[in-house]
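Have a look at the structure below, then the notes.
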Amino acid sequence: MNEENVPRHVAVIMDGNGRWAKKRLLPRAAGHRAGLKRMLALSEHAFDCGVRFLTLYALSVENLSRPQEELDALFGLFRSYFAEETERLEKRGVSLRVIGNADLLPPDIRGMIREKSREEEGERGTLALAIGYGSRQEIVAAANRAVREGREVDEEAFSRLLQTDGMPDPDLVIRTGKEVRLSNFLLWQAAYAELYFTDKMFPDFTNADFDRALEAYSRRDRRYGKVGNDGR
Ligand code: FPP
């Protein structure tokens with residue numbers, strides 16, 4: 001693919017781990033483990049393709065009301081990810097950033113996020129993990145901050161109050177797992193993103209499937225509400 005057609009920022013809603021496991025008569029935690037394995041491979045691949053920012057929706061605010069057993073399994077994966085993977089990312093020139101409300105997470109994970117999350121872009125790019133993330137909550141927090149500081153904001157200044165400050169808006173949002181919705185993910189930032197939905201459950205979403213999403217993106221005509229060159 002022509003390099004200039006590669007989206008700079010891809011965001012992925014990694015849905016379908018639970019159904020993937022259910023189909024195999026496995027516990028949901030096994031689906032999340034398979035999802036993590038896929039996520040590791042996919043995050044290498046995305047940067048190899050030339051993507052500079054990859055944002056992965058790992059846990060929404062709403063997901064936090066799932067049964068404690070499932071949350072414990074996910075928290076266990078986050079712990080091992082921060083302990084084992086962040087250094088590897090750093091070595092590859094990818095910086096890790098975490099967005100979301102860390103106050104909703106267990107204290108040790110909050111500490112790991114404080115220690116590992118960086119705002120500077122890495123040499124090869126940035127991997128942003130959305131954990132305990134909710135877009136409406138993020139927007140309300142930003143609005144409250146503007147009110148507290150007693151200032152009126154324009155779009156650009158408002159964007160700077162969001163947790164994604166310094167990151168470009170996503171060009172492409174991919175959702176696996178058959179559902180066709182955004183589920184409180186990057187609602188402000190994705191205003192002009194191209195959306196790509198696939199029936200594949202996240203653990204089955206291969207690097208080749210990712211390439212297909214990039215291909216589809218490269219064929220889209222992004223007009224940002226304006227009239228295209230051919231008058232359409
Ligand atoms: C949605 O599938 C997926 C999640 C709530 C968790 C996603 C987490 C991972 C891929 C592993 C993350 C690990 C790290 C370290 C970030 P679902 O459970 O809602 O699936 P379902 O809709 O089929 O039930």
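All residue names refer to the structure tokens as shown: chains lettered A, B, ... in order, residues numbered from 1 in each chain, ligands numbered from 1 in order.
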
Q: Using only C-alpha atoms and all ligand atoms, find each residue with an atom at most 9 Å away from ligand 1 and format the answer as a VMD selection string.
A: chain A and resid 13 to 22 28 to 29 31 to 40 56 to 60 63 to 64 70 to 71 74 to 82 85 129 to 131 177 to 179 201 to 203

Q) Could you pull out all residues of stretch 110-203 of chain A with a DSSP call of strand (DSSP E) and give them as a list in words? A) Gly125, Thr126, Leu127, Ala128, Leu129, Ala130, Ile131, Gly132, Tyr133, Leu172, Val173, Ile174, Arg175, Glu194, Leu195, Tyr196 and Phe197 of chain A

Q: Write out as a PyMOL selection string each polymer residue whose atoms come within 12 Å of A:Thr55, counting only C-alpha atoms; drop sequence neighbours fewer than 5 positions from it.
A: chain A and resi 8-14+39+42-43+46-47+95-100+125-131+133+164+167-175+185-186+189-190

**Q.** Residues near stretch 160-163 of chain A, cut-off 8 Å, only C-alpha atoms, skip fewer than 2 positions along chain, as a PyMOL selection string
**A.** chain A and resi 99-100+138-139+142+145-146+156-158+165-166

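For the pair atom CA of A:Ser135 and atom CA of A:Arg88, the interatomic distance is 28.8 Å.
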
Q: Name the residues of stretch 2-229 of chain A that come out as alpha helix (DSSP H) in a backbone DSSP run; write them as an MDAnalysis selection string.
A: chainID A and resid 17:23 28:48 68:84 86:91 107:116 135:148 155:159 207:219

Q: Tell me which protein, DNA and RNA residues are within 9 Å of A:Glu3, counting only C-alpha atoms, leaving out same-chain ones fewer than 2 positions away, and put them as a PyMOL selection string.
A: chain A and resi 1+5-7+49-50

Mind dumping the selected residues with all heavy atoms as a PDB file, in the first residue's frame?
ATOM      1  N   MET A   1       0.838  -1.199   0.000  1.00  0.00           N
ATOM      2  CA  MET A   1       0.000   0.000   0.000  1.00  0.00           C
ATOM      3  C   MET A   1       0.873   1.248   0.000  1.00  0.00           C
ATOM      4  O   MET A   1       1.888   1.294   0.680  1.00  0.00           O
ATOM      5  CB  MET A   1      -0.870  -0.001   1.264  1.00  0.00           C
ATOM      6  CG  MET A   1      -1.999   0.996   1.209  1.00  0.00           C
ATOM      7  SD  MET A   1      -2.813   1.189   2.806  1.00  0.00           S
ATOM      8  CE  MET A   1      -3.081  -0.519   3.259  1.00  0.00           C
ATOM      9  N   ASN A   5      -1.191   6.546   2.080  1.00  0.00           N
ATOM     10  CA  ASN A   5      -2.559   6.116   2.362  1.00  0.00           C
ATOM     11  C   ASN A   5      -2.697   5.389   3.698  1.00  0.00           C
ATOM     12  O   ASN A   5      -3.786   4.959   4.052  1.00  0.00           O
ATOM     13  CB  ASN A   5      -3.044   5.161   1.256  1.00  0.00           C
ATOM     14  CG  ASN A   5      -3.292   5.900  -0.029  1.00  0.00           C
ATOM     15  OD1 ASN A   5      -3.555   7.102   0.011  1.00  0.00           O
ATOM     16  ND2 ASN A   5      -3.192   5.200  -1.145  1.00  0.00           N
ATOM     17  N   VAL A   6      -1.576   5.213   4.389  1.00  0.00           N
ATOM     18  CA  VAL A   6      -1.647   4.509   5.676  1.00  0.00           C
ATOM     19  C   VAL A   6      -2.197   5.484   6.722  1.00  0.00           C
ATOM     20  O   VAL A   6      -1.698   6.600   6.848  1.00  0.00           O
ATOM     21  CB  VAL A   6      -0.239   4.022   6.116  1.00  0.00           C
ATOM     22  CG1 VAL A   6      -0.292   3.400   7.504  1.00  0.00           C
ATOM     23  CG2 VAL A   6       0.315   3.028   5.108  1.00  0.00           C
ATOM     24  N   PRO A   7      -3.243   5.072   7.445  1.00  0.00           N
ATOM     25  CA  PRO A   7      -3.771   5.989   8.462  1.00  0.00           C
ATOM     26  C   PRO A   7      -2.732   6.254   9.536  1.00  0.00           C
ATOM     27  O   PRO A   7      -2.018   5.339   9.955  1.00  0.00           O
ATOM     28  CB  PRO A   7      -4.970   5.231   9.033  1.00  0.00           C
ATOM     29  CG  PRO A   7      -4.779   3.814   8.635  1.00  0.00           C
ATOM     30  CD  PRO A   7      -3.955   3.803   7.394  1.00  0.00           C
ATOM     31  N   CYS A  49       3.434  -1.485   9.711  1.00  0.00           N
ATOM     32  CA  CYS A  49       2.699  -0.987   8.533  1.00  0.00           C
ATOM     33  C   CYS A  49       2.863   0.528   8.362  1.00  0.00           C
ATOM     34  O   CYS A  49       2.418   1.084   7.361  1.00  0.00           O
ATOM     35  CB  CYS A  49       1.201  -1.253   8.673  1.00  0.00           C
ATOM     36  SG  CYS A  49       0.753  -2.973   8.601  1.00  0.00           S
ATOM     37  N   GLY A  50       3.410   1.188   9.376  1.00  0.00           N
ATOM     38  CA  GLY A  50       3.584   2.639   9.254  1.00  0.00           C
ATOM     39  C   GLY A  50       2.584   3.445  10.056  1.00  0.00           C
ATOM     40  O   GLY A  50       2.589   4.682  10.004  1.00  0.00           O
TER      41      GLY A  50
END

Q | Interatomic distance, atom CA of A:Asp199 to atom CA of A:Val180 (Å, one decimal) | A | 9.4 Å
